[in-house]
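A.B. asks: Have a look at the structure that comes next, please.
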Amino acid sequence: MKHVVVVGGGVAGLETASILVSMGYQVTLVEKEDVPGGHVKRWHALFPDVRPAAEVLAAILEKSEKGIRMQYNTEITSIQHRSNRYALVASNGWQVEADAVVLATGFELFDARKKEEYGYGIYDNVITSADLEDMFIAGKGIHTLQDKAPQRVGFVHCVGSRDEKAGNLYCSKVCCITAVKQAIEVKQQLPQTEIFCFYMDLRMFGRHYEELYKEAQEKYAIQFIRGRLSEASEDKEHRVVLKVEDTLLNKPLKIAVDLLVLMSGMVASKQTQAFRDELGMTKDEDNFLKPVDGILHSNLSGVEGVFFSGTCSGPKNVADSLADARSAALAVDKYLK
């Protein structure tokens with residue numbers, strides 16, 4: 001029986017592994033953390049229908065429990081080609097050989113501390129979108145560091161994306177819709193709170209995204225201001241004072257918010273970049289892995305027996321990651337046959 005190793009236990013890795021098992025392959029899934037789920041396990045609800053992320057993840061995990069060999073707390077550090085097979089070695093000494101390897105190494109969130117002008121890690125009440133999801137999951141309400149319900153909340157789009165200074169010219173695809181979803185969730189919990197979204201331009205490319213954006217304005221009175229945040233500071237009450245250029249009205253704005261949420265974009269993971277260098281794979285201009293053909297062969301790495309699944313080859317939402325994972329399984333099956 002042919003053996004496939006899937007590196008990465010996020011939703012893409014889990015989906016690829018479960019499909020390969022159903023095709024009759026022996027599959028080992030290697031995950032560096034102690035539980036699977038990747039970024040989705042840290043998400044409260046998914047856009048655009050605000051479906052509980054735990055519900056989606058549970059459905060994916062139910063399939064993965066059937067026949068996959070799960071190897072947790074194991075980070076693969078080396079992948080070497082040996083006589084038509086691959087030898088994988090982990091930092092803890094664990095080793096395995098495979099006939100094919102699927103890289104489902106995902107992404108990392110842009111480190112918002114690199115945008116010092118926004119104040120993350122400097123001011124008390126500047127958080128990231130991931131930090132806000134942690135608040136949703138904790139179920140203790142939205143609050144400032146001083147444990148007060150915010151009267152004003154600001155969301156800043158494109159933090160680390162579409163930003164030449166940050167070295168990332170690409171769009172992360174999910175930041176705009178995530179801001180809309182989170183703004184609605186905050187408004188549902190705190191109806192009297194004023195909410196502002198500061199954006200460059202809104203990219204509502206997915207199905208029902210535009211409808212959610214419209215609902216945010218008409219039903220929840222969320223205010224969308226087209227303009228880039230130029231500077232954030234902190235006043236004596238620990239509010240975050242923002243200087244913004246409103247590019248529609250062509251005038252500067254100064255506004256104080258109790259909580260500022262930064263929509264951190266996606267960047268290629270360090271593990272993905274390490275495998276790229278070791279195996280001699282090609283990187284795209286955005287540092288994600290570049291497939292042989294982005295349209296016809298999006299899961300082929302250009303290295304025989306090595307395949308891509310999910311966001312290691314570029315930003316995707318959950319639905320797109322799952323679709324890509326299924327495509328990866330079919331590509332592996334075609335290769336091994």
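Going through the structure tokens in order, the chains are called A, B, and so on, while each chain numbers its residues from 1 and the ligands are numbered from 1 in the order shown.
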Need the shell around A:Ser230: protein/DNA/RNA residues with any atom at most 12 Å away, counting only C-alpha atoms. Skip same-chain ones fewer than 5 positions apart. Format as a PDB file with N, CA and C atoms, in the first residue's frame?
C.D. replies:
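Heads up, here's the output in out_8.pdb:
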```pdb
ATOM      1  N   LYS A 115       4.066  47.340  12.211  1.00  0.00           N
ATOM      2  CA  LYS A 115       3.447  48.621  11.871  1.00  0.00           C
ATOM      3  C   LYS A 115       3.370  49.458  13.148  1.00  0.00           C
ATOM      4  N   GLU A 116       4.498  49.987  13.549  1.00  0.00           N
ATOM      5  CA  GLU A 116       4.600  50.687  14.833  1.00  0.00           C
ATOM      6  C   GLU A 116       3.639  51.868  14.923  1.00  0.00           C
ATOM      7  N   GLU A 117       3.343  52.482  13.784  1.00  0.00           N
ATOM      8  CA  GLU A 117       2.458  53.652  13.807  1.00  0.00           C
ATOM      9  C   GLU A 117       1.039  53.309  14.244  1.00  0.00           C
ATOM     10  N   TYR A 118       0.687  52.009  14.229  1.00  0.00           N
ATOM     11  CA  TYR A 118      -0.649  51.588  14.661  1.00  0.00           C
ATOM     12  C   TYR A 118      -0.699  51.272  16.160  1.00  0.00           C
ATOM     13  N   GLY A 119       0.464  51.077  16.773  1.00  0.00           N
ATOM     14  CA  GLY A 119       0.506  50.952  18.230  1.00  0.00           C
ATOM     15  C   GLY A 119       0.282  49.564  18.805  1.00  0.00           C
ATOM     16  N   VAL A 156      -9.141  48.553  11.361  1.00  0.00           N
ATOM     17  CA  VAL A 156      -8.228  49.007  10.306  1.00  0.00           C
ATOM     18  C   VAL A 156      -7.978  47.844   9.354  1.00  0.00           C
ATOM     19  N   PHE A 198     -11.990  51.503   8.741  1.00  0.00           N
ATOM     20  CA  PHE A 198     -11.124  52.323   7.897  1.00  0.00           C
ATOM     21  C   PHE A 198     -10.507  51.423   6.827  1.00  0.00           C
ATOM     22  N   VAL A 241      -6.186  57.392  19.946  1.00  0.00           N
ATOM     23  CA  VAL A 241      -6.500  58.565  19.132  1.00  0.00           C
ATOM     24  C   VAL A 241      -5.942  58.349  17.725  1.00  0.00           C
ATOM     25  N   LEU A 242      -6.820  58.421  16.732  1.00  0.00           N
ATOM     26  CA  LEU A 242      -6.453  58.095  15.351  1.00  0.00           C
ATOM     27  C   LEU A 242      -6.419  59.337  14.478  1.00  0.00           C
ATOM     28  N   LYS A 243      -5.416  59.394  13.626  1.00  0.00           N
ATOM     29  CA  LYS A 243      -5.364  60.406  12.581  1.00  0.00           C
ATOM     30  C   LYS A 243      -5.534  59.687  11.242  1.00  0.00           C
ATOM     31  N   VAL A 244      -6.586  60.076  10.536  1.00  0.00           N
ATOM     32  CA  VAL A 244      -6.943  59.397   9.287  1.00  0.00           C
ATOM     33  C   VAL A 244      -7.196  60.433   8.203  1.00  0.00           C
ATOM     34  N   GLU A 245      -6.802  60.101   6.993  1.00  0.00           N
ATOM     35  CA  GLU A 245      -7.119  60.943   5.842  1.00  0.00           C
ATOM     36  C   GLU A 245      -8.324  60.340   5.136  1.00  0.00           C
ATOM     37  N   ASP A 246      -9.463  61.023   5.199  1.00  0.00           N
ATOM     38  CA  ASP A 246     -10.658  60.575   4.489  1.00  0.00           C
ATOM     39  C   ASP A 246     -10.478  60.918   3.010  1.00  0.00           C
ATOM     40  N   PRO A 252      -8.690  65.614   6.530  1.00  0.00           N
ATOM     41  CA  PRO A 252      -8.169  64.801   7.635  1.00  0.00           C
ATOM     42  C   PRO A 252      -9.219  64.620   8.730  1.00  0.00           C
ATOM     43  N   LEU A 253      -9.137  63.487   9.407  1.00  0.00           N
ATOM     44  CA  LEU A 253     -10.031  63.196  10.530  1.00  0.00           C
ATOM     45  C   LEU A 253      -9.193  62.853  11.756  1.00  0.00           C
ATOM     46  N   LYS A 254      -9.716  63.210  12.905  1.00  0.00           N
ATOM     47  CA  LYS A 254      -9.109  62.814  14.173  1.00  0.00           C
ATOM     48  C   LYS A 254     -10.217  62.257  15.041  1.00  0.00           C
TER      49      LYS A 254
END
```
A.B. asks: Run DSSP on the backbone of this structure and report the residues of stretch 7-56 of chain A it assigns to helix (DSSP H, G or I), as a PyMOL selection string.
C.D. replies: chain A and resi 11-22+38-42+53-56
A.B. asks: Can I get the residues of stretch 17-114 of chain A within 12 Å of stretch 208-211 of chain A, each with the closest pair of atoms and their distance in Å to one decimal, using only C-alpha atoms, sorted chain first then ascending number, as CSV?
C.D. replies:
```
residue,atom,partner,partner_atom,distance
A:Leu46,CA,A:Tyr209,CA,11.7
A:Phe47,CA,A:Tyr209,CA,8.0
A:Pro48,CA,A:Tyr209,CA,6.0
A:Asp49,CA,A:His208,CA,8.3
A:Val50,CA,A:Tyr209,CA,11.3
```
A.B. asks: Point out the residue among A:Ala331, A:Met281, A:Ala58, A:Ala104 with the least atom-to-atom distance to A:Gly8, counting only C-alpha atoms.
C.D. replies: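 Selected residue with least distance to A:Gly8: A:Ala104.
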A.B. asks: Identify, on the basis of only C-alpha atoms, every residue whose closest approach to stretch 22-27 of chain A does not exceed 8 Å; exclude the query and any residue fewer than 3 positions from it along the same chain; express the result as a VMD selection string.
C.D. replies: chain A and resid 1 to 6 17 to 19 67 to 69 333
A.B. asks: Store the residues picked out above, limited to C-alpha atoms, as an mmCIF file, in the first residue's frame.
C.D. replies:
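Written file, result-v7.cif:
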```cif
data_model
loop_
_atom_site.group_PDB
_atom_site.id
_atom_site.type_symbol
_atom_site.label_atom_id
_atom_site.label_comp_id
_atom_site.auth_asym_id
_atom_site.auth_seq_id
_atom_site.Cartn_x
_atom_site.Cartn_y
_atom_site.Cartn_z
ATOM 1 C CA MET A 1 0.000 0.000 0.000
ATOM 2 C CA LYS A 2 1.369 3.409 -0.986
ATOM 3 C CA HIS A 3 2.113 5.760 1.904
ATOM 4 C CA VAL A 4 1.421 9.520 1.847
ATOM 5 C CA VAL A 5 2.571 11.975 4.495
ATOM 6 C CA VAL A 6 0.565 15.178 4.906
ATOM 7 C CA ALA A 17 -5.689 13.209 4.360
ATOM 8 C CA SER A 18 -9.267 11.980 4.825
ATOM 9 C CA ILE A 19 -9.875 11.828 1.059
ATOM 10 C CA GLY A 67 -7.937 5.611 9.221
ATOM 11 C CA ILE A 68 -5.454 8.498 9.394
ATOM 12 C CA ARG A 69 -2.325 8.023 11.474
ATOM 13 C CA ASP A 333 -3.860 9.786 -6.592
#
```
A.B. asks: Measuring atom to atom with only C-alpha atoms, identify which of A:Ser172, A:Ser301, A:Gln273, A:Asn317 is nearest to A:Ala100.
C.D. replies: A:Ser301
A.B. asks: Would you work out the distance separating atom CA of A:Lys165 from atom CA of A:Lys316, expressed in Å to one decimal?
C.D. replies: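 Computed distance, atom CA of A:Lys165 to atom CA of A:Lys316, equals 23.0 Å.
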A.B. asks: Using only C-alpha atoms, which protein or nucleic acid residues come within 8 Å of A:Lys290? Drop anything in the same chain fewer than 3 positions from it, and give the result as a PyMOL selection string.
C.D. replies: chain A and resi 281-284+294+301+313
A.B. asks: Using the selection just defined, write its residues with C-alpha atoms as an mmCIF file, in the first residue's frame.
C.D. replies:
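Final file, part-v1.cif:
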```
data_model
loop_
_atom_site.group_PDB
_atom_site.id
_atom_site.type_symbol
_atom_site.label_atom_id
_atom_site.label_comp_id
_atom_site.auth_asym_id
_atom_site.auth_seq_id
_atom_site.Cartn_x
_atom_site.Cartn_y
_atom_site.Cartn_z
ATOM 1 C CA MET A 281 10.745 24.721 -5.145
ATOM 2 C CA THR A 282 9.823 28.046 -6.689
ATOM 3 C CA LYS A 283 8.448 30.935 -4.671
ATOM 4 C CA ASP A 284 5.996 33.423 -6.102
ATOM 5 C CA GLY A 294 -1.780 28.365 -11.233
ATOM 6 C CA SER A 301 5.063 21.793 -6.844
ATOM 7 C CA SER A 313 0.382 28.465 -2.079
#
```
A.B. asks: When you look at A:Ile177 with a cut-off of 7 Å (counting only C-alpha atoms), what residues show up, excluding the ones that are within fewer than 3 positions of it in the same chain? I need them as number ranges by chain.
C.D. replies: A: 174, 180-181, 204, 209
A.B. asks: Taking only C-alpha atoms into account, which of A:Leu300, A:Ile60, A:Phe308, A:Ser161 comes nearest A:Val7?
C.D. replies: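 Among the listed residues, A:Phe308 lies closest to A:Val7.
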